[in-house]
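S.K.: This is the structure I have questions about; it appears just below.
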Amino acid sequence: MDVYNLPEYIETHLSGTRFNFKIPTNPNKEYRSERRNIIKIGYKLLLSNLKGNNFIKNDFLNENIYIIWKESFQKASNNATRLWQTTFAVLKLPVIIKNAKPFDENYRTFDIKEGNQKKNRYVEIIKLRHSFNSKVHNYMNFTIELVIGKKNDGRNIQYSLEYIKKACS
């Protein structure tokens, strides 16, 4: 990874808007609150831009993936604060949800974890991936895993975003 050329901040916008953000790239804990604030604003703006239709269609599944504040933001506000890549992914959520696809044939599981997955009443977990690619900056070449929880009513909920350290695209 092009760590030596990694800027102090990644400047980007929320997909579908002109609202700009500066994501701190420093992995130290003291930057998590700054990234948490970006994630909170990003989710609020995204849900506002969806104008009550809080879903984005995934091309691979050919199904809507719902973004639910209580479930989607809650998990992201805990996980996506750790690394700038996952904070960046929150701001690119519409692109990720639309274009994510399986990494292998084991992308669906009925193994629901204790805690939030059980509490949210998921009956299936779906893991899809999306890779960001840049010819200009090596540090912008990374893969994000989109974790979707399927409810017993058939709705797919965006549950988590995870940075994949070493993934093939």
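Just so we're on the same page: first chain in the structure tokens is A, next is B, and so on; residues restart at 1 for each chain, and ligands are numbered from 1 in the order they show up.
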Stretch 81-126 of chain A near stretch 147-159 of chain A within 6 Å: what's each residue's closest atom pair and its distance in Å to one decimal, counting only C-alpha atoms, ordered by chain then ascending residue number, as JSON lines?
M.R.:
```
{"residue": "A:Tyr122", "atom": "CA", "partner": "A:Lys151", "partner_atom": "CA", "distance": 4.6}
{"residue": "A:Val123", "atom": "CA", "partner": "A:Lys151", "partner_atom": "CA", "distance": 5.6}
{"residue": "A:Glu124", "atom": "CA", "partner": "A:Lys150", "partner_atom": "CA", "distance": 5.1}
{"residue": "A:Ile125", "atom": "CA", "partner": "A:Gly149", "partner_atom": "CA", "distance": 4.8}
{"residue": "A:Ile126", "atom": "CA", "partner": "A:Ile148", "partner_atom": "CA", "distance": 5.0}
```
S.K.: Fewer than 5 positions away in the same chain doesn't count, so skip those; otherwise give me all residues within 6 Å of stretch 70-83 of chain A, counting only C-alpha atoms, as a PyMOL selection string.
M.R.: chain A and resi 27+32+35-36+158-160
S.K.: Looking only at strand (DSSP E) from DSSP on the backbone, list the matching residues of stretch 25-152 of chain A as number ranges by chain.
M.R.: A: 55-58, 63-66, 108-109, 122-132, 142-151
S.K.: Using only N, CA, C and O atoms, please write the residues we just selected to a file, as a CSV table (one decimal), in the first residue's frame.
M.R.:
```csv
chain,number,residue,atom,x,y,z
A,55,PHE,N,-34.0,2.7,0.6
A,55,PHE,CA,-33.4,1.5,0.0
A,55,PHE,C,-32.7,1.9,-1.3
A,55,PHE,O,-32.9,2.9,-1.9
A,56,ILE,N,-31.7,1.0,-1.6
A,56,ILE,CA,-31.0,1.1,-2.9
A,56,ILE,C,-30.9,-0.3,-3.4
A,56,ILE,O,-30.7,-1.3,-2.7
A,57,LYS,N,-31.2,-0.5,-4.7
A,57,LYS,CA,-31.2,-1.8,-5.3
A,57,LYS,C,-29.8,-2.3,-5.6
A,57,LYS,O,-29.0,-1.6,-6.2
A,58,ASN,N,-29.6,-3.6,-5.2
A,58,ASN,CA,-28.3,-4.2,-5.5
A,58,ASN,C,-28.5,-5.0,-6.8
A,58,ASN,O,-29.4,-5.7,-7.0
A,63,GLU,N,-32.4,-7.0,-5.7
A,63,GLU,CA,-33.3,-6.8,-4.6
A,63,GLU,C,-32.9,-5.5,-3.9
A,63,GLU,O,-31.7,-5.0,-4.0
A,64,ASN,N,-33.8,-4.9,-3.2
A,64,ASN,CA,-33.6,-3.6,-2.5
A,64,ASN,C,-32.9,-3.9,-1.2
A,64,ASN,O,-33.2,-4.9,-0.5
A,65,ILE,N,-31.9,-3.1,-0.9
A,65,ILE,CA,-31.2,-3.2,0.4
A,65,ILE,C,-31.6,-1.9,1.2
A,65,ILE,O,-31.4,-0.8,0.7
A,66,TYR,N,-32.2,-2.1,2.3
A,66,TYR,CA,-32.7,-1.0,3.1
A,66,TYR,C,-31.7,-0.5,4.1
A,66,TYR,O,-30.8,-1.2,4.6
A,108,ARG,N,-23.7,-16.5,1.5
A,108,ARG,CA,-24.9,-16.5,2.3
A,108,ARG,C,-24.7,-17.5,3.4
A,108,ARG,O,-24.1,-18.6,3.3
A,109,THR,N,-25.1,-17.1,4.6
A,109,THR,CA,-25.1,-18.0,5.8
A,109,THR,C,-26.3,-17.8,6.6
A,109,THR,O,-26.9,-16.7,6.7
A,122,TYR,N,-32.4,-11.2,12.3
A,122,TYR,CA,-32.0,-11.6,11.0
A,122,TYR,C,-32.1,-13.1,10.9
A,122,TYR,O,-31.8,-13.8,11.9
A,123,VAL,N,-32.5,-13.6,9.8
A,123,VAL,CA,-32.5,-15.1,9.6
A,123,VAL,C,-31.5,-15.6,8.6
A,123,VAL,O,-31.2,-16.7,8.5
A,124,GLU,N,-30.8,-14.6,7.9
A,124,GLU,CA,-29.7,-14.9,7.0
A,124,GLU,C,-28.8,-13.7,6.9
A,124,GLU,O,-29.2,-12.6,7.1
A,125,ILE,N,-27.5,-14.0,6.7
A,125,ILE,CA,-26.5,-13.0,6.5
A,125,ILE,C,-25.9,-13.1,5.1
A,125,ILE,O,-25.6,-14.3,4.7
A,126,ILE,N,-25.9,-12.0,4.4
A,126,ILE,CA,-25.3,-12.0,3.0
A,126,ILE,C,-24.1,-11.1,3.0
A,126,ILE,O,-24.2,-10.0,3.5
A,127,LYS,N,-23.0,-11.6,2.5
A,127,LYS,CA,-21.8,-10.8,2.4
A,127,LYS,C,-21.3,-10.6,1.0
A,127,LYS,O,-21.1,-11.6,0.3
A,128,LEU,N,-21.3,-9.4,0.6
A,128,LEU,CA,-20.9,-9.0,-0.8
A,128,LEU,C,-19.8,-8.0,-0.7
A,128,LEU,O,-19.5,-7.4,0.4
A,129,ARG,N,-19.0,-7.9,-1.8
A,129,ARG,CA,-17.8,-7.0,-1.8
A,129,ARG,C,-17.8,-6.0,-2.9
A,129,ARG,O,-18.4,-6.3,-4.0
A,130,HIS,N,-17.2,-4.9,-2.6
A,130,HIS,CA,-17.0,-3.9,-3.6
A,130,HIS,C,-15.5,-3.4,-3.5
A,130,HIS,O,-15.1,-3.1,-2.4
A,131,SER,N,-14.8,-3.3,-4.6
A,131,SER,CA,-13.5,-2.8,-4.6
A,131,SER,C,-13.4,-1.4,-5.2
A,131,SER,O,-14.0,-1.1,-6.2
A,132,PHE,N,-12.6,-0.6,-4.5
A,132,PHE,CA,-12.3,0.8,-5.1
A,132,PHE,C,-10.9,0.7,-5.8
A,132,PHE,O,-10.0,0.0,-5.2
A,142,PHE,N,-8.7,-0.6,-2.4
A,142,PHE,CA,-9.1,-1.4,-1.3
A,142,PHE,C,-10.5,-2.0,-1.5
A,142,PHE,O,-11.2,-1.5,-2.4
A,143,THR,N,-10.8,-3.0,-0.7
A,143,THR,CA,-12.1,-3.7,-0.8
A,143,THR,C,-12.8,-3.6,0.5
A,143,THR,O,-12.3,-3.7,1.6
A,144,ILE,N,-14.1,-3.4,0.3
A,144,ILE,CA,-15.1,-3.3,1.4
A,144,ILE,C,-16.1,-4.4,1.3
A,144,ILE,O,-16.6,-4.7,0.2
A,145,GLU,N,-16.4,-5.0,2.4
A,145,GLU,CA,-17.4,-6.1,2.5
A,145,GLU,C,-18.7,-5.4,3.0
A,145,GLU,O,-18.7,-4.8,4.1
A,146,LEU,N,-19.7,-5.6,2.3
A,146,LEU,CA,-21.1,-5.1,2.7
A,146,LEU,C,-21.8,-6.3,3.3
A,146,LEU,O,-22.0,-7.3,2.7
A,147,VAL,N,-22.1,-6.2,4.6
A,147,VAL,CA,-22.9,-7.2,5.3
A,147,VAL,C,-24.3,-6.8,5.3
A,147,VAL,O,-24.7,-5.7,5.8
A,148,ILE,N,-25.2,-7.7,4.9
A,148,ILE,CA,-26.6,-7.5,4.8
A,148,ILE,C,-27.3,-8.5,5.7
A,148,ILE,O,-27.0,-9.7,5.6
A,149,GLY,N,-28.2,-8.1,6.5
A,149,GLY,CA,-29.0,-9.0,7.3
A,149,GLY,C,-30.4,-9.1,6.6
A,149,GLY,O,-31.1,-8.1,6.3
A,150,LYS,N,-30.8,-10.3,6.4
A,150,LYS,CA,-32.1,-10.6,5.8
A,150,LYS,C,-33.1,-10.9,7.0
A,150,LYS,O,-32.8,-11.8,7.8
A,151,LYS,N,-34.2,-10.2,7.0
A,151,LYS,CA,-35.2,-10.4,8.0
A,151,LYS,C,-36.2,-11.5,7.6
A,151,LYS,O,-36.2,-11.8,6.4
```
S.K.: With distances taken over only C-alpha atoms, which of A:Ser33, A:Thr25, A:Ser134, A:Thr17 is nearest to A:Phe88?
M.R.: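 Result for the nearest residue to A:Phe88: A:Thr25.
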S.K.: When you count only C-alpha atoms, which of these residues is closest to A:Asn28: A:Ala100, A:Trp84, A:Lys166, A:Leu91?
M.R.: A:Trp84
S.K.: Please report the interatomic distance between atom CA of A:His13 and atom CA of A:Asn53 in Å with one decimal.
M.R.: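 Atom-to-atom, atom CA of A:His13 and atom CA of A:Asn53 are spaced 21.1 Å apart.
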S.K.: Quick one: everything within 9 Å of A:Leu46, counting only C-alpha atoms, minus sequence neighbours fewer than 5 positions away in the same chain. Send it as number ranges by chain.
M.R.: A: 14-17, 41, 51, 54, 91, 93-94
S.K.: Find the residues near A:Thr86: any atom within 7 Å, counting only C-alpha atoms, skip ones fewer than 3 places away on the same chain, and give them as an NGL selection string.
M.R.: :A and (80 or 83 or 89-90 or 161-163)
S.K.: What gap, in Å, lies between atom CA of A:Ile39 and atom CA of A:Ile97?
M.R.: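 Straight-line distance from atom CA of A:Ile39 to atom CA of A:Ile97 works out to 16.2 Å.
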S.K.: Record the distance separating atom CA of A:Thr87 and atom CA of A:Ile67, expressed in Å with one decimal.
M.R.: 15.9 Å
S.K.: With distances taken over only C-alpha atoms, which of A:Glu34, A:Pro24, A:Asp104, A:Trp69 is nearest to A:Leu47?
M.R.: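 Between A:Glu34, A:Pro24, A:Asp104, A:Trp69, the residue approaching A:Leu47 most closely is A:Trp69.
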S.K.: Which of stretch 8-49 of chain A end up as alpha helix (DSSP H) when DSSP is run on this backbone - answer as an MDAnalysis selection string?
M.R.: chainID A and resid 32:49
S.K.: Which is closest to A:Tyr31 among A:Tyr9, A:Ile112, A:Phe19, A:Val95, if we use only C-alpha atoms?
M.R.: A:Tyr9
